[in-house]
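Structure data (compact mmCIF, C-alpha atoms) from final.txt:
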# COMPACT_ATOMS: atom_id res chain seq x y z
CA MET C 24 82.56 117.36 75.45
CA ALA C 25 82.27 116.60 79.14
CA ARG C 26 83.79 119.13 81.52
CA HIS C 27 84.87 116.68 84.24
CA VAL C 28 87.19 113.85 83.24
CA THR C 29 88.44 111.13 85.58
CA VAL C 30 92.12 110.28 85.24
CA TYR C 31 92.53 106.70 86.45
CA GLU C 32 96.11 106.15 87.62
CA VAL C 33 97.53 102.68 86.98
CA GLY C 34 101.26 103.26 87.55
CA PRO C 35 101.67 101.55 90.94
CA ARG C 36 100.28 98.31 89.50
CA ASP C 37 100.30 98.21 85.70
CA GLY C 38 103.41 100.37 85.58
CA LEU C 39 105.62 98.73 88.19
CA GLN C 40 104.73 95.15 87.19
CA ASN C 41 106.89 95.40 84.08
CA GLU C 42 109.99 96.92 85.70
CA ALA C 43 113.24 95.00 86.09
CA ARG C 44 113.88 96.68 89.44
CA VAL C 45 111.61 95.52 92.25
CA VAL C 46 110.44 98.58 94.17
CA PRO C 47 110.29 98.08 97.97
CA THR C 48 106.92 98.25 99.69
CA GLY C 49 107.62 101.52 101.48
CA ASP C 50 108.63 103.18 98.22
CA LYS C 51 105.48 101.94 96.48
CA LEU C 52 103.41 103.49 99.26
CA ALA C 53 105.36 106.75 98.94
CA LEU C 54 104.54 106.81 95.21
CA VAL C 55 100.85 106.18 95.93
CA ALA C 56 100.85 109.03 98.46
CA ALA C 57 102.55 111.38 95.97
CA LEU C 58 99.95 110.55 93.32
CA ALA C 59 97.14 111.14 95.81
CA ASP C 60 98.75 114.47 96.78
CA ALA C 61 98.55 115.46 93.10
CA GLY C 62 94.78 115.00 93.18
CA LEU C 63 94.39 111.59 91.58
CA ALA C 64 91.32 110.03 93.17
CA ARG C 65 91.42 106.56 91.58
CA ILE C 66 94.68 104.62 91.86
CA GLU C 67 95.34 101.04 90.82
CA ALA C 68 97.67 99.94 93.59
CA ALA C 69 98.00 96.16 93.75
CA SER C 70 97.64 92.82 92.00
CA PHE C 71 96.69 89.54 93.63
CA VAL C 72 97.84 87.35 90.79
CA SER C 73 100.38 84.64 91.59
CA PRO C 74 103.75 86.11 92.67
CA ARG C 75 105.32 83.58 90.30
CA TRP C 76 103.75 85.49 87.39
CA ILE C 77 104.42 89.01 88.63
CA PRO C 78 107.17 88.92 91.29
CA ALA C 79 107.43 92.72 91.30
CA LEU C 80 104.00 92.83 93.01
CA ALA C 81 104.46 89.96 95.45
CA ASP C 82 103.97 92.40 98.35
CA SER C 83 100.48 93.49 97.27
CA ALA C 84 98.87 92.31 100.53
CA GLU C 85 101.25 94.47 102.54
CA VAL C 86 100.65 97.42 100.21
CA VAL C 87 96.86 97.18 100.58
CA ALA C 88 97.10 96.85 104.37
CA ARG C 89 99.09 100.10 104.51
CA LEU C 90 97.35 102.23 101.86
CA PRO C 91 96.60 105.79 102.97
CA VAL C 92 92.91 106.40 103.62
CA ARG C 93 91.63 109.82 102.59
CA ALA C 94 88.22 111.23 101.77
CA GLY C 95 87.38 110.75 98.11
CA LEU C 96 90.37 108.50 97.41
CA GLY C 97 89.71 104.98 96.12
CA TYR C 98 91.89 102.14 94.96
CA VAL C 99 91.74 99.11 92.70
CA ALA C 100 93.43 95.71 92.94
CA LEU C 101 93.60 93.06 90.25
CA VAL C 102 92.08 89.70 91.28
CA PRO C 103 92.15 86.87 88.70
CA ASN C 104 90.38 84.22 90.75
CA ALA C 105 88.72 83.34 94.07
CA GLN C 106 92.09 82.95 95.79
CA GLY C 107 93.10 86.43 94.71
CA LEU C 108 89.84 87.88 96.03
CA ALA C 109 90.31 86.12 99.36
CA ARG C 110 93.82 87.58 99.66
CA LEU C 111 92.51 91.06 98.88
CA LEU C 112 89.74 90.85 101.48
CA GLU C 113 92.16 89.54 104.09
CA ALA C 114 94.63 92.35 103.36
CA ARG C 115 91.91 94.98 103.78
CA GLN C 116 90.94 93.56 107.14
CA ARG C 117 94.55 93.79 108.33
CA ALA C 118 94.54 97.55 107.81
CA PRO C 119 93.87 99.79 110.86
CA VAL C 120 91.23 101.48 108.69
CA PRO C 121 90.24 99.27 105.73
CA PRO C 122 90.93 101.26 102.54
CA PRO C 123 88.23 101.47 99.86
CA VAL C 124 89.51 99.01 97.24
CA ASP C 125 87.63 97.88 94.15
CA ALA C 126 88.36 94.49 92.61
CA ALA C 127 89.33 94.24 88.95
CA VAL C 128 89.03 91.27 86.62
CA PHE C 129 90.69 91.00 83.23
CA VAL C 130 90.27 89.11 79.99
CA SER C 131 91.81 89.49 76.55
CA ALA C 132 89.85 89.97 73.36
CA SER C 133 92.19 87.52 71.59
CA GLU C 134 92.46 83.87 72.55
CA THR C 135 96.23 83.63 72.17
CA HIS C 136 97.01 86.60 74.39
CA ASN C 137 94.51 85.40 76.98
CA ARG C 138 96.22 82.00 77.15
CA LYS C 139 99.66 83.64 77.41
CA ASN C 140 98.36 85.94 80.13
CA VAL C 141 96.29 83.62 82.35
CA ASN C 142 96.71 80.15 80.80
CA LYS C 143 92.99 79.91 80.06
CA SER C 144 90.69 80.32 77.11
CA VAL C 145 88.36 83.33 77.09
CA GLU C 146 85.40 81.11 78.00
CA GLU C 147 87.33 79.47 80.85
CA THR C 148 88.23 82.94 82.11
CA PHE C 149 84.59 83.99 82.17
CA ARG C 150 83.71 80.83 84.10
CA ALA C 151 86.38 81.76 86.65
CA PHE C 152 84.72 85.17 87.03
CA ASP C 153 81.70 83.45 88.58
CA ASP C 154 83.88 82.87 91.65
CA VAL C 155 85.06 86.48 91.76
CA VAL C 156 82.49 89.02 90.62
CA GLY C 157 79.48 87.86 92.63
CA PRO C 158 81.43 87.26 95.86
CA ALA C 159 83.23 90.60 95.48
CA LEU C 160 79.93 92.44 95.09
CA ALA C 161 78.49 90.53 98.05
CA ALA C 162 81.49 91.67 100.11
CA GLY C 163 80.69 95.30 99.30
CA LEU C 164 83.37 95.82 96.65
CA ARG C 165 82.76 97.28 93.24
CA VAL C 166 84.24 95.38 90.29
CA ARG C 167 85.98 96.86 87.28
CA GLY C 168 86.56 94.84 84.12
CA TYR C 169 89.47 95.06 81.70
CA VAL C 170 89.50 93.95 78.07
CA SER C 171 93.09 93.63 76.86
CA THR C 172 94.19 93.63 73.19
CA ALA C 173 90.98 95.45 72.26
CA TRP C 174 92.60 97.07 69.21
CA GLY C 175 95.07 94.39 68.24
CA CYS C 176 97.00 91.35 69.46
CA PRO C 177 100.78 90.79 69.26
CA TYR C 178 100.13 87.17 68.25
CA GLU C 179 96.94 87.28 66.17
CA GLY C 180 97.06 90.77 64.68
CA ALA C 181 93.81 92.68 64.17
CA VAL C 182 90.95 91.96 66.56
CA ASP C 183 87.31 92.12 65.45
CA PRO C 184 85.72 95.15 67.18
CA ALA C 185 82.40 93.29 67.33
CA ARG C 186 84.11 90.67 69.50
CA VAL C 187 85.50 93.37 71.78
CA ALA C 188 82.09 94.99 72.16
CA ALA C 189 80.49 91.62 72.96
CA ILE C 190 83.09 90.87 75.67
CA ALA C 191 82.60 94.32 77.19
CA GLU C 192 78.83 93.76 77.30
CA ARG C 193 79.32 90.39 79.03
CA LEU C 194 81.47 92.01 81.71
CA LEU C 195 78.86 94.71 82.33
CA ALA C 196 76.12 92.07 82.49
CA LEU C 197 78.15 90.17 85.11
CA GLY C 198 78.05 93.22 87.38
CA CYS C 199 81.14 95.23 86.50
CA HIS C 200 80.43 98.90 87.13
CA GLN C 201 82.93 99.89 84.43
CA VAL C 202 84.88 98.21 81.64
CA SER C 203 88.23 99.58 80.52
CA LEU C 204 89.15 98.83 76.91
CA GLY C 205 92.90 98.34 76.59
CA ASP C 206 95.09 98.99 73.56
CA THR C 207 97.71 96.65 74.99
CA VAL C 208 100.22 96.97 72.16
CA GLY C 209 99.41 100.54 71.14
CA VAL C 210 98.22 99.86 67.59
CA GLY C 211 94.93 101.76 67.72
CA THR C 212 94.12 104.62 65.35
CA PRO C 213 91.35 107.21 65.76
CA ASN C 214 89.12 105.61 63.14
CA GLN C 215 89.38 102.23 64.89
CA THR C 216 88.56 103.86 68.21
CA ARG C 217 85.57 105.66 66.73
CA ASP C 218 84.28 102.41 65.23
CA LEU C 219 84.69 100.47 68.48
CA LEU C 220 82.96 103.12 70.60
CA HIS C 221 80.19 103.47 68.03
CA ARG C 222 79.45 99.76 68.43
CA LEU C 223 79.03 100.25 72.18
CA ALA C 224 76.97 103.44 71.93
CA GLY C 225 73.50 102.85 73.33
CA ARG C 226 74.49 99.38 74.55
CA ALA C 227 76.54 100.49 77.57
CA ARG C 228 75.27 102.88 80.22
CA PRO C 229 76.94 106.32 80.41
CA GLY C 230 80.22 106.25 82.31
CA SER C 231 80.57 102.48 82.11
CA ILE C 232 83.27 102.43 79.41
CA ALA C 233 86.82 103.69 79.95
CA LEU C 234 89.86 103.75 77.66
CA HIS C 235 93.30 102.39 78.54
CA MET C 236 95.74 103.49 75.82
CA HIS C 237 99.37 102.62 75.26
CA ASP C 238 101.56 105.05 73.34
CA THR C 239 103.72 102.58 71.42
CA ARG C 240 103.12 104.38 68.12
CA GLY C 241 102.39 107.85 69.47
CA THR C 242 98.63 107.69 68.91
CA ALA C 243 97.37 107.51 72.51
CA LEU C 244 96.29 111.14 72.87
CA ALA C 245 94.65 111.11 69.43
CA ASN C 246 92.56 108.15 70.56
CA VAL C 247 91.73 109.96 73.81
CA LEU C 248 90.37 112.88 71.77
CA VAL C 249 88.10 110.50 69.87
CA GLY C 250 86.98 109.06 73.18
CA LEU C 251 86.16 112.51 74.52
CA GLU C 252 84.09 113.26 71.42
CA ALA C 253 82.22 109.98 71.97
CA GLY C 254 81.40 110.90 75.58
CA ILE C 255 84.03 108.83 77.39
CA THR C 256 84.86 110.45 80.74
CA THR C 257 87.41 108.03 82.27
CA PHE C 258 90.89 107.43 80.88
CA ASP C 259 93.60 105.21 82.35
CA ALA C 260 97.17 106.49 82.46
CA SER C 261 100.44 105.70 84.19
CA VAL C 262 102.78 108.15 85.89
CA GLY C 263 105.69 108.97 83.60
CA GLY C 264 104.47 106.43 81.04
CA LEU C 265 105.53 103.53 83.24
CA GLY C 266 104.59 100.06 82.15
CA GLY C 267 103.90 97.77 79.29
CA CYS C 268 102.70 94.20 79.25
CA PRO C 269 104.97 91.23 80.06
CA TYR C 270 102.87 89.09 77.69
CA ALA C 271 102.82 91.56 74.79
CA PRO C 272 106.26 91.71 73.12
CA GLY C 273 107.12 95.18 71.83
CA ALA C 274 104.45 96.99 73.85
CA ALA C 275 105.74 100.33 75.08
CA GLY C 276 104.53 102.05 78.20
CA ASN C 277 101.08 103.30 79.02
CA LEU C 278 99.91 106.76 78.12
CA ALA C 279 101.78 109.05 80.54
CA THR C 280 99.53 110.62 83.15
CA GLU C 281 101.32 113.98 82.82
CA ASP C 282 100.71 114.06 79.06
CA LEU C 283 97.02 113.27 79.54
CA VAL C 284 96.54 115.82 82.31
CA TYR C 285 98.44 118.53 80.42
CA MET C 286 96.16 118.09 77.41
CA LEU C 287 92.91 117.82 79.39
CA ASN C 288 93.69 120.80 81.61
CA GLY C 289 94.71 122.82 78.54
CA MET C 290 91.37 122.00 76.92
CA GLY C 291 89.49 123.32 79.94
CA HIS C 292 88.43 119.97 81.38
CA ASP C 293 88.29 119.57 85.15
CA THR C 294 90.54 116.69 86.20
CA GLY C 295 91.19 117.71 89.79
CA VAL C 296 94.89 116.99 89.20
CA ALA C 297 97.63 119.55 89.89
CA LEU C 298 100.27 119.17 87.18
CA ASP C 299 103.15 120.50 89.30
CA ARG C 300 102.51 117.89 92.01
CA LEU C 301 102.02 115.21 89.38
CA VAL C 302 105.43 116.05 87.92
CA ALA C 303 106.91 115.66 91.40
CA ALA C 304 105.33 112.20 91.59
CA GLY C 305 106.81 111.41 88.18
CA ALA C 306 110.26 112.47 89.33
CA LEU C 307 109.86 110.15 92.34
CA ALA C 308 108.83 107.28 90.05
CA GLN C 309 111.97 107.82 87.97
CA ARG C 310 114.16 107.58 91.04
CA LEU C 311 112.41 104.44 92.24
CA VAL C 312 112.81 102.51 88.97
CA GLY C 313 116.28 103.90 88.28
CA ARG C 314 115.77 105.10 84.73
CA PRO C 315 114.32 108.04 82.79
CA LEU C 316 110.65 107.59 82.00
CA PRO C 317 109.21 108.25 78.53
CA GLY C 318 106.50 110.76 79.47
CA LYS C 319 107.03 113.84 77.29
CA THR C 320 105.44 116.36 79.63
CA LEU C 321 107.35 114.93 82.57
CA GLN C 322 110.69 115.35 80.81
CA ALA C 323 109.83 118.82 79.52
CA GLU C 324 108.74 120.02 82.96
CA LEU C 325 111.77 118.53 84.70
CA ALA C 326 114.10 120.15 82.15
CA SER C 327 112.36 123.48 82.65
CA ARG C 328 112.76 123.21 86.41
CA THR C 329 116.45 122.44 86.01
CA ARG C 330 116.95 125.49 83.78
CA ARG C 331 115.17 127.75 86.24
CA ALA C 332 117.23 126.41 89.12
CA GLU C 333 120.46 126.93 87.19
CA GLN C 334 119.42 130.46 86.25
CA ALA C 335 118.55 131.30 89.83
CA THR C 336 121.92 129.98 90.98
CA ALA C 337 123.73 132.03 88.35
CA GLU C 338 121.83 135.20 89.27
CA GLY C 339 122.60 134.59 92.93
CA ARG C 340 126.29 134.78 92.18
Could you write out this file's structure as structure tokens?
Amino acid sequence: MARHVTVYEVGPRDGLQNEARVVPTGDKLALVAALADAGLARIEAASFVSPRWIPALADSAEVVARLPVRAGLGYVALVPNAQGLARLLEARQRAPVPPPVDAAVFVSASETHNRKNVNKSVEETFRAFDDVVGPALAAGLRVRGYVSTAWGCPYEGAVDPARVAAIAERLLALGCHQVSLGDTVGVGTPNQTRDLLHRLAGRARPGSIALHMHDTRGTALANVLVGLEAGITTFDASVGGLGGCPYAPGAAGNLATEDLVYMLNGMGHDTGVALDRLVAAGALAQRLVGRPLPGKTLQAELASRTRRAEQATAEGR
């Protein structure tokens, strides 16, 4: 197994987009800063889809223009079309120091989910990428690709892994430096994950495939272990388990970043992430969205801190 593993934080975008409470811009930036303080070096921070689709992220241009710039810290913003890319590039130029922001494009492995998500067929979506990927690369941005419903679709059920592998290969051939395979509704099992990654073995360059697991059925970390065994070194996660998908009924939150980091650090992998600071970021995320988050490690660590504080108070008396 690889010693260094990249934890790719998606909470400020994929997490907050599904929340009923709209988080103000300044609070979003405070969350990004807290995640960076914990050592997360790749943070998905914005989405330049239509505000009509995702009103919670309507301030993405302002967020990008004010992102903290630090050595080794990079960001990602979702851009579905040429208009989204233009808005991203304009937002970067507004910043006193333009932050390093990659563009991300997304497509579903199932036709029905893709139409629900972007109102296009899969082929129409790929044609739209011609106006995004090349121009983004020409502007000096890297491009990440996402394949949603890679394990299963809430409308169509099981998805053929050969289809998923073919879509991932098309994204890499377009110029994406990495493709993240998403278990959007959290139906994946370890055997499915092993089969899917086996189909991509030898057909995708090392480091070009990432996993984006949801924990709807409690199998996210088991699938991560299979990914580690297969040589995957990048895993997406969301602080506190924030998120879900507005176009995937019944999808629970993403794999919680604290749960992933706790396991990876305990296995001896180098993530560069300090769990205590990550828990502090999770506590901030809870306050911002106004509800307890489902991350198990987050809740365990917060409960432990409360007990220690109560014990210290009692002993002080």
Q. Quick one: distance from CA of Leu112 (chain C) to CA of Gly266 (chain C) in Å, one decimal?
A.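 Distance between the two atoms: 26.1 Å.
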Q: Can you work out the spacing between CA of Cys199 (chain C) and CA of Gln106 (chain C) in Å, to one decimal?
A: 18.9 Å
Q.
Report, in Å to a single decimal, how far apart CA of Arg138 (chain C) and CA of Pro103 (chain C) are.
A.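 CA of Arg138 (chain C) lies at a distance of 13.2 Å from CA of Pro103 (chain C).
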Fewer than 3 positions away in the same chain doesn't count, so skip those; otherwise give me all residues within 8 Å of Glu32 (chain C), counting all atoms listed in the file, as a PDB file with C-alpha atoms, in the coordinates of the input.
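Below you can see part-v4.pdb, which holds the result:
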ATOM      1  CA  PRO C  35     101.670 101.550  90.940  1.00  0.00           C
ATOM      2  CA  LEU C  63      94.390 111.590  91.580  1.00  0.00           C
ATOM      3  CA  ARG C  65      91.420 106.560  91.580  1.00  0.00           C
ATOM      4  CA  ILE C  66      94.680 104.620  91.860  1.00  0.00           C
ATOM      5  CA  GLU C  67      95.340 101.040  90.820  1.00  0.00           C
ATOM      6  CA  ASP C 259      93.600 105.210  82.350  1.00  0.00           C
ATOM      7  CA  ALA C 260      97.170 106.490  82.460  1.00  0.00           C
ATOM      8  CA  SER C 261     100.440 105.700  84.190  1.00  0.00           C
ATOM      9  CA  VAL C 262     102.780 108.150  85.890  1.00  0.00           C
ATOM     10  CA  THR C 280      99.530 110.620  83.150  1.00  0.00           C
TER      11      THR C 280
END
Q) Which of these residues is nearest to Val210 (chain C), using only C-alpha atoms: C:Glu113, C:Asp299, C:Asp238, C:Glu252? A)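 Closest candidate: C:Asp238.
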(Q) If we count all atoms listed in the file and set the cut-off at 12 Å, which residues sit around Thr29 (chain C), ignoring sequence neighbours fewer than 4 positions away in its own chain? Please answer as a list in words. (A) Ala25, Gly62, Leu63, Ala64, Arg65, Ile66, Gly230, Ile232, Ala233, Leu234, Leu251, Ile255, Thr256, Thr257, Phe258, Asp259, Ala260, Thr280, Leu283, Val284, Leu287, Asn288, His292, Asp293, Thr294, Gly295 and Val296 of chain C
Dump as a Markdown table the rows for residues of region 50-144 of chain C within 6 Å of region 159-170 of chain C: closest atom pair and distance in Å with one decimal, all atoms listed in the file counted, ordered by chain and rising residue number.
| residue | atom | partner | partner_atom | distance |
| --- | --- | --- | --- | --- |
| C:Asp125 | CA | C:Arg165 | CA | 5.0 |
| C:Ala126 | CA | C:Val166 | CA | 4.8 |
| C:Ala127 | CA | C:Arg167 | CA | 4.6 |
| C:Val128 | CA | C:Gly168 | CA | 5.0 |
| C:Phe129 | CA | C:Tyr169 | CA | 4.5 |
| C:Val130 | CA | C:Val170 | CA | 5.3 |
| C:Ser131 | CA | C:Val170 | CA | 5.2 |
**Q.** For Ala56 (chain C), the nearest of the candidates C:Ala303, C:Ala173, C:Ser144, C:Arg310, counting all atoms listed in the file
**A.**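 Counting all atoms listed in the file, the residue closest to Ala56 (chain C) is C:Ala303.
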(Q) If we count all atoms listed in the file and set the cut-off at 12 Å, which residues sit around Glu192 (chain C), ignoring sequence neighbours fewer than 3 positions away in its own chain? Please answer as a PyMOL selection string. (A) chain C and resi 168-170+185-189+195-204+222-228+231-232
Q: Counting all atoms listed in the file, write as an NGL selection string all protein and nucleic acid residues lying at most 12 Å from (99.4, 98.1, 104.2) in the file's frame.
A: :C and (48-49 or 51-53 or 55 or 68-69 or 82-92 or 111 or 113-122)
(Q) Here is a test: counting only C-alpha atoms, which residue of C:Val72, C:Asp60, C:Asp154, C:Met286 is nearest to Leu96 (chain C)? (A)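 Answer, going by the shortest atom-to-atom distance: C:Asp60.
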(Q) From the options C:Gly211, C:Pro158, C:Gly107, C:Pro184, which residue's atoms come nearest to Ser133 (chain C), counting only C-alpha atoms? (A) C:Pro184
Q) What lies within 10 Å of region 325-340 of chain C using all atoms listed in the file, ignoring chain neighbours under 4 positions off, as a PyMOL selection string? A) chain C and resi 299+302-303+305-306+319-321
Using the atoms already present, construct N, CA, C and O atoms for region 71-89 of chain C and hand them back as a PDB file, in the coordinates of the input.
ATOM      1  N   PHE C  71      96.680  90.791  92.894  1.00  0.00           N
ATOM      2  CA  PHE C  71      96.690  89.540  93.630  1.00  0.00           C
ATOM      3  C   PHE C  71      96.735  88.335  92.690  1.00  0.00           C
ATOM      4  O   PHE C  71      96.093  87.318  92.922  1.00  0.00           O
ATOM      5  N   VAL C  72      97.505  88.491  91.627  1.00  0.00           N
ATOM      6  CA  VAL C  72      97.840  87.350  90.790  1.00  0.00           C
ATOM      7  C   VAL C  72      98.978  86.595  91.483  1.00  0.00           C
ATOM      8  O   VAL C  72      99.556  87.071  92.461  1.00  0.00           O
ATOM      9  N   SER C  73      99.314  85.421  90.976  1.00  0.00           N
ATOM     10  CA  SER C  73     100.380  84.640  91.590  1.00  0.00           C
ATOM     11  C   SER C  73     101.707  85.390  91.545  1.00  0.00           C
ATOM     12  O   SER C  73     102.086  85.921  90.504  1.00  0.00           O
ATOM     13  N   PRO C  74     102.428  85.464  92.666  1.00  0.00           N
ATOM     14  CA  PRO C  74     103.750  86.110  92.670  1.00  0.00           C
ATOM     15  C   PRO C  74     104.720  85.469  91.676  1.00  0.00           C
ATOM     16  O   PRO C  74     105.680  86.109  91.251  1.00  0.00           O
ATOM     17  N   ARG C  75     104.467  84.223  91.299  1.00  0.00           N
ATOM     18  CA  ARG C  75     105.320  83.580  90.300  1.00  0.00           C
ATOM     19  C   ARG C  75     105.181  84.270  88.948  1.00  0.00           C
ATOM     20  O   ARG C  75     106.120  84.316  88.156  1.00  0.00           O
ATOM     21  N   TRP C  76     103.983  84.798  88.652  1.00  0.00           N
ATOM     22  CA  TRP C  76     103.750  85.490  87.390  1.00  0.00           C
ATOM     23  C   TRP C  76     104.327  86.898  87.435  1.00  0.00           C
ATOM     24  O   TRP C  76     104.990  87.348  86.507  1.00  0.00           O
ATOM     25  N   ILE C  77     104.018  87.607  88.517  1.00  0.00           N
ATOM     26  CA  ILE C  77     104.420  89.010  88.630  1.00  0.00           C
ATOM     27  C   ILE C  77     105.161  89.196  89.950  1.00  0.00           C
ATOM     28  O   ILE C  77     104.600  89.684  90.942  1.00  0.00           O
ATOM     29  N   PRO C  78     106.440  88.819  90.022  1.00  0.00           N
ATOM     30  CA  PRO C  78     107.170  88.920  91.290  1.00  0.00           C
ATOM     31  C   PRO C  78     107.325  90.352  91.790  1.00  0.00           C
ATOM     32  O   PRO C  78     107.472  90.573  92.992  1.00  0.00           O
ATOM     33  N   ALA C  79     107.275  91.325  90.889  1.00  0.00           N
ATOM     34  CA  ALA C  79     107.430  92.720  91.300  1.00  0.00           C
ATOM     35  C   ALA C  79     106.295  93.176  92.212  1.00  0.00           C
ATOM     36  O   ALA C  79     106.438  94.164  92.950  1.00  0.00           O
ATOM     37  N   LEU C  80     105.162  92.449  92.196  1.00  0.00           N
ATOM     38  CA  LEU C  80     104.000  92.830  93.010  1.00  0.00           C
ATOM     39  C   LEU C  80     103.671  91.777  94.058  1.00  0.00           C
ATOM     40  O   LEU C  80     102.539  91.688  94.527  1.00  0.00           O
ATOM     41  N   ALA C  81     104.679  91.010  94.456  1.00  0.00           N
ATOM     42  CA  ALA C  81     104.460  89.960  95.450  1.00  0.00           C
ATOM     43  C   ALA C  81     104.043  90.508  96.803  1.00  0.00           C
ATOM     44  O   ALA C  81     103.483  89.775  97.633  1.00  0.00           O
ATOM     45  N   ASP C  82     104.304  91.788  97.051  1.00  0.00           N
ATOM     46  CA  ASP C  82     103.970  92.400  98.350  1.00  0.00           C
ATOM     47  C   ASP C  82     102.624  93.113  98.335  1.00  0.00           C
ATOM     48  O   ASP C  82     102.365  93.974  99.182  1.00  0.00           O
ATOM     49  N   SER C  83     101.747  92.755  97.410  1.00  0.00           N
ATOM     50  CA  SER C  83     100.480  93.490  97.270  1.00  0.00           C
ATOM     51  C   SER C  83      99.634  93.469  98.543  1.00  0.00           C
ATOM     52  O   SER C  83      98.955  94.450  98.866  1.00  0.00           O
ATOM     53  N   ALA C  84      99.656  92.364  99.287  1.00  0.00           N
ATOM     54  CA  ALA C  84      98.870  92.310 100.530  1.00  0.00           C
ATOM     55  C   ALA C  84      99.374  93.345 101.525  1.00  0.00           C
ATOM     56  O   ALA C  84      98.577  94.032 102.187  1.00  0.00           O
ATOM     57  N   GLU C  85     100.680  93.479 101.636  1.00  0.00           N
ATOM     58  CA  GLU C  85     101.250  94.470 102.540  1.00  0.00           C
ATOM     59  C   GLU C  85     100.940  95.886 102.072  1.00  0.00           C
ATOM     60  O   GLU C  85     100.640  96.781 102.876  1.00  0.00           O
ATOM     61  N   VAL C  86     100.979  96.102 100.753  1.00  0.00           N
ATOM     62  CA  VAL C  86     100.650  97.420 100.210  1.00  0.00           C
ATOM     63  C   VAL C  86      99.213  97.797 100.563  1.00  0.00           C
ATOM     64  O   VAL C  86      98.937  98.895 101.068  1.00  0.00           O
ATOM     65  N   VAL C  87      98.272  96.884 100.302  1.00  0.00           N
ATOM     66  CA  VAL C  87      96.860  97.180 100.580  1.00  0.00           C
ATOM     67  C   VAL C  87      96.636  97.446 102.058  1.00  0.00           C
ATOM     68  O   VAL C  87      95.898  98.365 102.443  1.00  0.00           O
ATOM     69  N   ALA C  88      97.285  96.678 102.922  1.00  0.00           N
ATOM     70  CA  ALA C  88      97.100  96.850 104.370  1.00  0.00           C
ATOM     71  C   ALA C  88      97.621  98.193 104.857  1.00  0.00           C
ATOM     72  O   ALA C  88      97.210  98.661 105.932  1.00  0.00           O
ATOM     73  N   ARG C  89      98.490  98.838 104.069  1.00  0.00           N
ATOM     74  CA  ARG C  89      99.090 100.100 104.510  1.00  0.00           C
ATOM     75  C   ARG C  89      98.709 101.294 103.627  1.00  0.00           C
ATOM     76  O   ARG C  89      99.283 102.376 103.753  1.00  0.00           O
TER      77      ARG C  89
END
